[in-house]
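**Q** Quick one: the structure is below, and I'll ask about it shortly.
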Amino acid sequence: MDKNKKEATPTTVKKTEEPLKGPDKKEVKQETKQTPPSTTISKQAGIDVPVEIQKVDPKDRKKVDEYSFISKKIPINIIISEIKGEYVPIYEVYISKISRTTEIILEKIRQELIKQVNLGMVDITDSGKTDIVEERFKETIVFLIEKYFPDIDQTTKEFLVSYLIQKSLGMGKLEILMDDVLLEEIVVNSATEPVWVFHKKHGWLKTNIQVKDEEQVRHYATMIGRKVGRQITNIDPLLDAHLNEGDRVNATLQPISTAGNTITLRKFSRNPMTITHFLKFRTLSPSAASLIWQAMHYELSAIIAGGTASGKTSTLNVLASFFPPNQRIISIEDTREIRLPKYLHWVPMSTRQPNPEGKGEVSMEDLLVNALRQRPDRILVGEVRRQREAETLFEAIHTGHSCYATFHSNNYEETIRRLTNPPINVPLTMLPAISMIIMQFRNRRTGHRRTFQIAEINDDSSGNLLMQYDTKKDILVDKNRSKSLLATLELYTGSTPQEIRNQLREKEKILNYLVKQKIETVDTVGKVMAEYYTNEDELLKTVRANKKFDFDT
Ligand SMILES: Nc1ncnc2c1ncn2[C@@H]1O[C@H](COP(=O)(O)OP(=O)(O)OP(=O)(O)O)[C@@H](O)[C@H]1O
Ligand SMILES: [Mg+2]
């Protein structure tokens, strides 16, 4: 297995979860040969124009990946190829079941549909109306499809209906991209260039999809805005919001974004990573994980820091499965990203931005203050950015809550410096309230995400580096002996250093067991953890014998 593969995310691992009955390969190949896919979707159809990168001599293209999935009943085939003269691989979307003739008929249906239903684009952007419009569209579409394709079977009918609805009412092919679980980010920079995507396995790729014109990009942005009850207009040309399932969207309008209207969609992982994935991808070692687990078990607080997209939030989520099931957890975020095992007693909360009149804001600080009144044992904080949040967070730790927050910085020293200096200004004397700093980082050459440093905070508020990632060897290596962390654990638990070492070894065994037994989802990992806290001896017996874990009882 090459290193890139190791970095693969759970969605790759679980790719077969959905019954992926994509188009059969022969069909795709044939279509590729006869009609280049760019022409299978007629340009007059409206929404997106496929870029004609496919007109490439076969010897100038090298296929690097191919897979299928179903997007709203539409079978989709994706082909990723390296093409001579292109600096990044090309991601091509094929709706292979639609032949050229079908496409022409569908376009006819679409035109007739617009006449019959008599609705322009403007109407459908009205919030609340979408469902009604969709229903009316659907009835007419079914009628027209039955008229033009009298012998059609039920599955194909459903697929064509869905395809037409998406094409007429939705965001066209952008919606197909949203359904590819392997994509992390979908970016429209303007209507003059293809849509870009960030792929979990292949990084940035150029697609064969381009939005028709700037007006269409703007229309999509407006549509997304309305869906989440927000506006994007010339007066308010920036939109930052999260969609229902936790996907994040940002849009900007010209002339603020000088080259064109933009849309950036960051997809929320449907199958969040767990400690098992982290160990498998070598994000951190079992010994590092067991040290963090031990500290979290006994309620020590931690800051998880790193650069942009280094994996801070994912780490916070992964580590939260170490919480015992009999404690109350409150999470506070701007965007709903955290997802905890169902065995935990968890109250998720998220902030709200003010409405256009500047009313109704619920800030991170408001939620933190409120959380303290809900008797939490643990508080998770999405990201600490401002002084007020940091102050409240440290107050919360001082009043006996264990807190886990993410923070933006590049190494543990910088974390301490940034926390204790303007503009955040946490008093130096308060800093030892945090027992541990966990630094995440993304290797800029390989793209791998790793735990970069684990440090403790000494009584004098200085940091002590316990483990450091060795970039060349790709391992976390031990640095200094722990002073404060182990001393605090001894103090809080009454355990001797030898007992703590034994517990660390046990935890390490359980972690290795999770990997060996491929226990990978949030809920299955959560169940094993719950077992550890309630039935430790039994669990250790199962682990020692490397027996299958019984999830049914
Ligand atoms: N250990 C890891 N291995 C592989 N992929 C990871 C790992 N950690 C995070 N990722 C992926 O990296 C992307 C960014 O992760 P995440 O959102 O956790 O980063 P972040 O540091 O919180 O980002 P931001 O700065 O935007 O808040 C996600 O798509 C996530 O799936
Ligand atoms: Mg984050």
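How things are named: the first chain in the structure tokens is A, the next is B, and so on; residues count from 1 in each chain; ligands count from 1 in the order shown.
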Taking 2 positions as the minimum chain separation for residues in the same chain, which residues sit within 10 Å of A:Thr351 when counting only C-alpha atoms? Answer as a PyMOL selection string.
**A** chain A and resi 332-336+349+353-354+361-367
**Q** Pick out the residues no farther than 6 Å from ligand 1, counting only C-alpha atoms and all ligand atoms, and list them as JSON, numbers by chain.
**A** {"A": [7, 9, 184, 278, 283, 308, 309, 310, 311, 312, 313, 314, 449, 450]}
**Q** Give the answer as one residue: which of A:Arg375, A:Arg328, A:His401, A:His408 has the shortest atom-to-atom distance to ligand 2, using only C-alpha atoms and all ligand atoms?
**A**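 Using only C-alpha atoms and all ligand atoms, ligand 2 sits closest to A:His408.
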**Q** I need the residue nearest ligand 2 from this list: A:Ala305, A:Ala320, A:Ile98, A:Leu160. Use only C-alpha atoms and all ligand atoms for the distance.
**A**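 Closest residue, counting only C-alpha atoms and all ligand atoms: A:Ala305.
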**Q** Do a neighbour search on A:Asp377 at 10 Å with only C-alpha atoms, toss out local chain neighbours closer than 3 positions, and write the hits as a short mmCIF file (atom, residue, chain, number, x, y, z; two decimals) with all heavy atoms, in the first residue's frame.
**A**
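Generated file (selection_7.cif):
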```cif
data_model
loop_
_atom_site.label_atom_id
_atom_site.label_comp_id
_atom_site.auth_asym_id
_atom_site.auth_seq_id
_atom_site.Cartn_x
_atom_site.Cartn_y
_atom_site.Cartn_z
N GLU A 299 -10.10 13.46 33.31
CA GLU A 299 -10.68 14.81 33.24
C GLU A 299 -9.69 15.95 33.12
O GLU A 299 -9.98 17.08 33.52
CB GLU A 299 -11.62 15.04 34.43
CG GLU A 299 -12.71 13.99 34.49
CD GLU A 299 -13.67 14.16 35.66
OE1 GLU A 299 -13.76 15.26 36.19
OE2 GLU A 299 -14.33 13.16 36.00
N PHE A 323 -14.28 9.83 26.20
CA PHE A 323 -15.05 10.23 27.37
C PHE A 323 -15.85 9.06 27.94
O PHE A 323 -16.39 8.26 27.19
CB PHE A 323 -16.06 11.33 27.02
CG PHE A 323 -15.44 12.64 26.62
CD1 PHE A 323 -16.09 13.48 25.72
CD2 PHE A 323 -14.22 13.05 27.15
CE1 PHE A 323 -15.53 14.69 25.35
CE2 PHE A 323 -13.66 14.26 26.78
CZ PHE A 323 -14.32 15.08 25.88
N ASN A 326 -20.90 8.11 31.39
CA ASN A 326 -21.79 8.62 32.43
C ASN A 326 -21.56 10.11 32.71
O ASN A 326 -21.80 10.58 33.80
CB ASN A 326 -21.60 7.81 33.71
CG ASN A 326 -20.17 7.93 34.22
OD1 ASN A 326 -19.30 8.43 33.52
ND2 ASN A 326 -19.93 7.50 35.44
N GLN A 327 -21.04 10.81 31.73
CA GLN A 327 -20.80 12.23 31.95
C GLN A 327 -21.53 13.06 30.92
O GLN A 327 -21.75 12.62 29.80
CB GLN A 327 -19.29 12.51 31.86
CG GLN A 327 -18.52 11.80 32.96
CD GLN A 327 -17.10 12.28 33.05
OE1 GLN A 327 -16.61 12.95 32.15
NE2 GLN A 327 -16.44 11.94 34.14
N ARG A 328 -21.84 14.28 31.33
CA ARG A 328 -22.61 15.14 30.41
C ARG A 328 -21.66 16.02 29.60
O ARG A 328 -20.81 16.71 30.16
CB ARG A 328 -23.54 16.00 31.25
CG ARG A 328 -24.48 16.87 30.48
CD ARG A 328 -25.55 17.36 31.44
NE ARG A 328 -26.20 18.56 30.98
CZ ARG A 328 -27.27 18.54 30.19
NH1 ARG A 328 -27.76 17.41 29.75
NH2 ARG A 328 -27.84 19.68 29.84
N ILE A 329 -21.83 15.95 28.30
CA ILE A 329 -20.93 16.67 27.39
C ILE A 329 -21.71 17.74 26.65
O ILE A 329 -22.78 17.47 26.11
CB ILE A 329 -20.34 15.70 26.34
CG1 ILE A 329 -19.66 14.54 27.05
CG2 ILE A 329 -19.39 16.41 25.41
CD1 ILE A 329 -19.59 13.30 26.18
N ILE A 330 -21.15 18.95 26.60
CA ILE A 330 -21.78 19.99 25.79
C ILE A 330 -20.77 20.44 24.74
O ILE A 330 -19.61 20.72 25.08
CB ILE A 330 -22.25 21.18 26.66
CG1 ILE A 330 -23.33 20.68 27.62
CG2 ILE A 330 -22.75 22.32 25.79
CD1 ILE A 330 -23.98 21.73 28.45
N LEU A 372 -22.39 26.56 31.09
CA LEU A 372 -22.00 26.39 32.49
C LEU A 372 -23.21 26.21 33.40
O LEU A 372 -23.12 25.68 34.49
CB LEU A 372 -21.17 27.59 32.96
CG LEU A 372 -19.82 27.71 32.24
CD1 LEU A 372 -19.07 28.94 32.69
CD2 LEU A 372 -18.99 26.45 32.47
N GLN A 374 -25.72 24.41 32.54
CA GLN A 374 -26.38 23.13 32.21
C GLN A 374 -25.68 21.94 32.86
O GLN A 374 -25.84 20.81 32.42
CB GLN A 374 -26.39 22.93 30.70
CG GLN A 374 -27.18 23.98 29.97
CD GLN A 374 -27.27 23.66 28.48
OE1 GLN A 374 -27.32 22.52 28.08
NE2 GLN A 374 -27.26 24.68 27.66
N GLY A 400 -13.92 23.79 37.49
CA GLY A 400 -14.02 22.34 37.61
C GLY A 400 -14.54 21.59 36.40
O GLY A 400 -14.91 20.43 36.51
N HIS A 401 -14.62 22.22 35.23
CA HIS A 401 -15.06 21.50 34.04
C HIS A 401 -13.84 21.10 33.23
O HIS A 401 -12.87 21.83 33.17
CB HIS A 401 -15.98 22.38 33.20
CG HIS A 401 -17.12 22.94 33.97
ND1 HIS A 401 -17.06 24.14 34.62
CD2 HIS A 401 -18.35 22.44 34.21
CE1 HIS A 401 -18.20 24.37 35.23
NE2 HIS A 401 -19.01 23.34 35.01
N SER A 402 -13.94 19.96 32.57
CA SER A 402 -12.84 19.63 31.66
C SER A 402 -13.22 20.18 30.30
O SER A 402 -14.33 19.93 29.83
CB SER A 402 -12.62 18.14 31.50
OG SER A 402 -13.08 17.47 32.61
N CYS A 403 -12.30 20.92 29.72
CA CYS A 403 -12.61 21.57 28.45
C CYS A 403 -11.61 21.16 27.38
O CYS A 403 -10.44 20.93 27.66
CB CYS A 403 -12.58 23.08 28.61
SG CYS A 403 -13.82 23.68 29.75
#
```
**Q** For a test of reading the model, state the distance in Å between atom CA of A:Glu357 and atom CA of A:Gly382, rounded to one decimal.
**A**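 Result for atom CA of A:Glu357 versus atom CA of A:Gly382: 26.2 Å, one decimal.
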**Q** Restricting the calculation to only C-alpha atoms and all ligand atoms: of A:Ile304, A:Ala433, A:Leu540, A:Leu511, which residue gets closest to ligand 2?
**A**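 Result for the nearest residue to ligand 2: A:Ile304.
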**Q** Choose the residue, out of A:Lys72, A:Arg481, A:Lys147, A:Lys518, that has the smallest atom-to-atom separation from A:Ile105; count only C-alpha atoms.
**A**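 Ranking A:Lys72, A:Arg481, A:Lys147, A:Lys518 by distance to A:Ile105, first place goes to A:Lys147.
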**Q** Name the residues of stretch 195-366 of chain A that come out as strand (DSSP E) in a backbone DSSP run; write them as a ChimeraX atom specification.
**A** /A:196-199,203-207,209-211,238-242,248-252,262-266,301-306,328-333,345-350
**Q** Could you tell me how far atom CA of A:Thr521 lies from atom CA of A:Tyr343, in Å and to one decimal?
**A**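 Distance between the two atoms: 12.7 Å.
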**Q** Show me, as JSON lines, the residues of stretch 431-488 of chain A having an atom within 12 Å of stretch 495-505 of chain A, each with the closest atom pair and its distance in Å, using only C-alpha atoms.
**A**
```
{"residue": "A:Ser482", "atom": "CA", "partner": "A:Pro497", "partner_atom": "CA", "distance": 11.2}
{"residue": "A:Lys483", "atom": "CA", "partner": "A:Pro497", "partner_atom": "CA", "distance": 11.6}
{"residue": "A:Leu485", "atom": "CA", "partner": "A:Ile500", "partner_atom": "CA", "distance": 11.4}
{"residue": "A:Leu486", "atom": "CA", "partner": "A:Pro497", "partner_atom": "CA", "distance": 7.7}
{"residue": "A:Ala487", "atom": "CA", "partner": "A:Pro497", "partner_atom": "CA", "distance": 8.7}
{"residue": "A:Thr488", "atom": "CA", "partner": "A:Ser495", "partner_atom": "CA", "distance": 10.3}
```
**Q** For the selection just defined, write its residues with N, CA, C and O atoms to a file, as a compact mmCIF listing (two decimals), in the first residue's frame.
**A**
```txt
# COMPACT_ATOMS: atom_id res chain seq x y z
N SER A 482 7.60 13.40 31.47
CA SER A 482 6.50 14.24 31.95
C SER A 482 6.73 14.64 33.41
O SER A 482 7.17 13.83 34.22
N LYS A 483 6.44 15.89 33.68
CA LYS A 483 6.49 16.32 35.08
C LYS A 483 5.06 16.58 35.55
O LYS A 483 4.50 15.84 36.35
N LEU A 485 1.99 16.51 33.98
CA LEU A 485 0.86 15.66 33.58
C LEU A 485 0.75 14.42 34.46
O LEU A 485 -0.29 14.12 35.05
N LEU A 486 1.87 13.70 34.59
CA LEU A 486 1.83 12.49 35.41
C LEU A 486 1.62 12.81 36.88
O LEU A 486 0.90 12.11 37.59
N ALA A 487 2.23 13.93 37.32
CA ALA A 487 2.05 14.33 38.73
C ALA A 487 0.57 14.62 38.99
O ALA A 487 0.02 14.22 40.02
N THR A 488 -0.08 15.31 38.05
CA THR A 488 -1.49 15.63 38.23
C THR A 488 -2.32 14.34 38.26
O THR A 488 -3.24 14.19 39.08
```
**Q** For atom CA of A:Thr192 and atom CA of A:Met171, quote the distance in Å rounded to one decimal.
**A**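 Those two atoms sit 17.2 Å apart.
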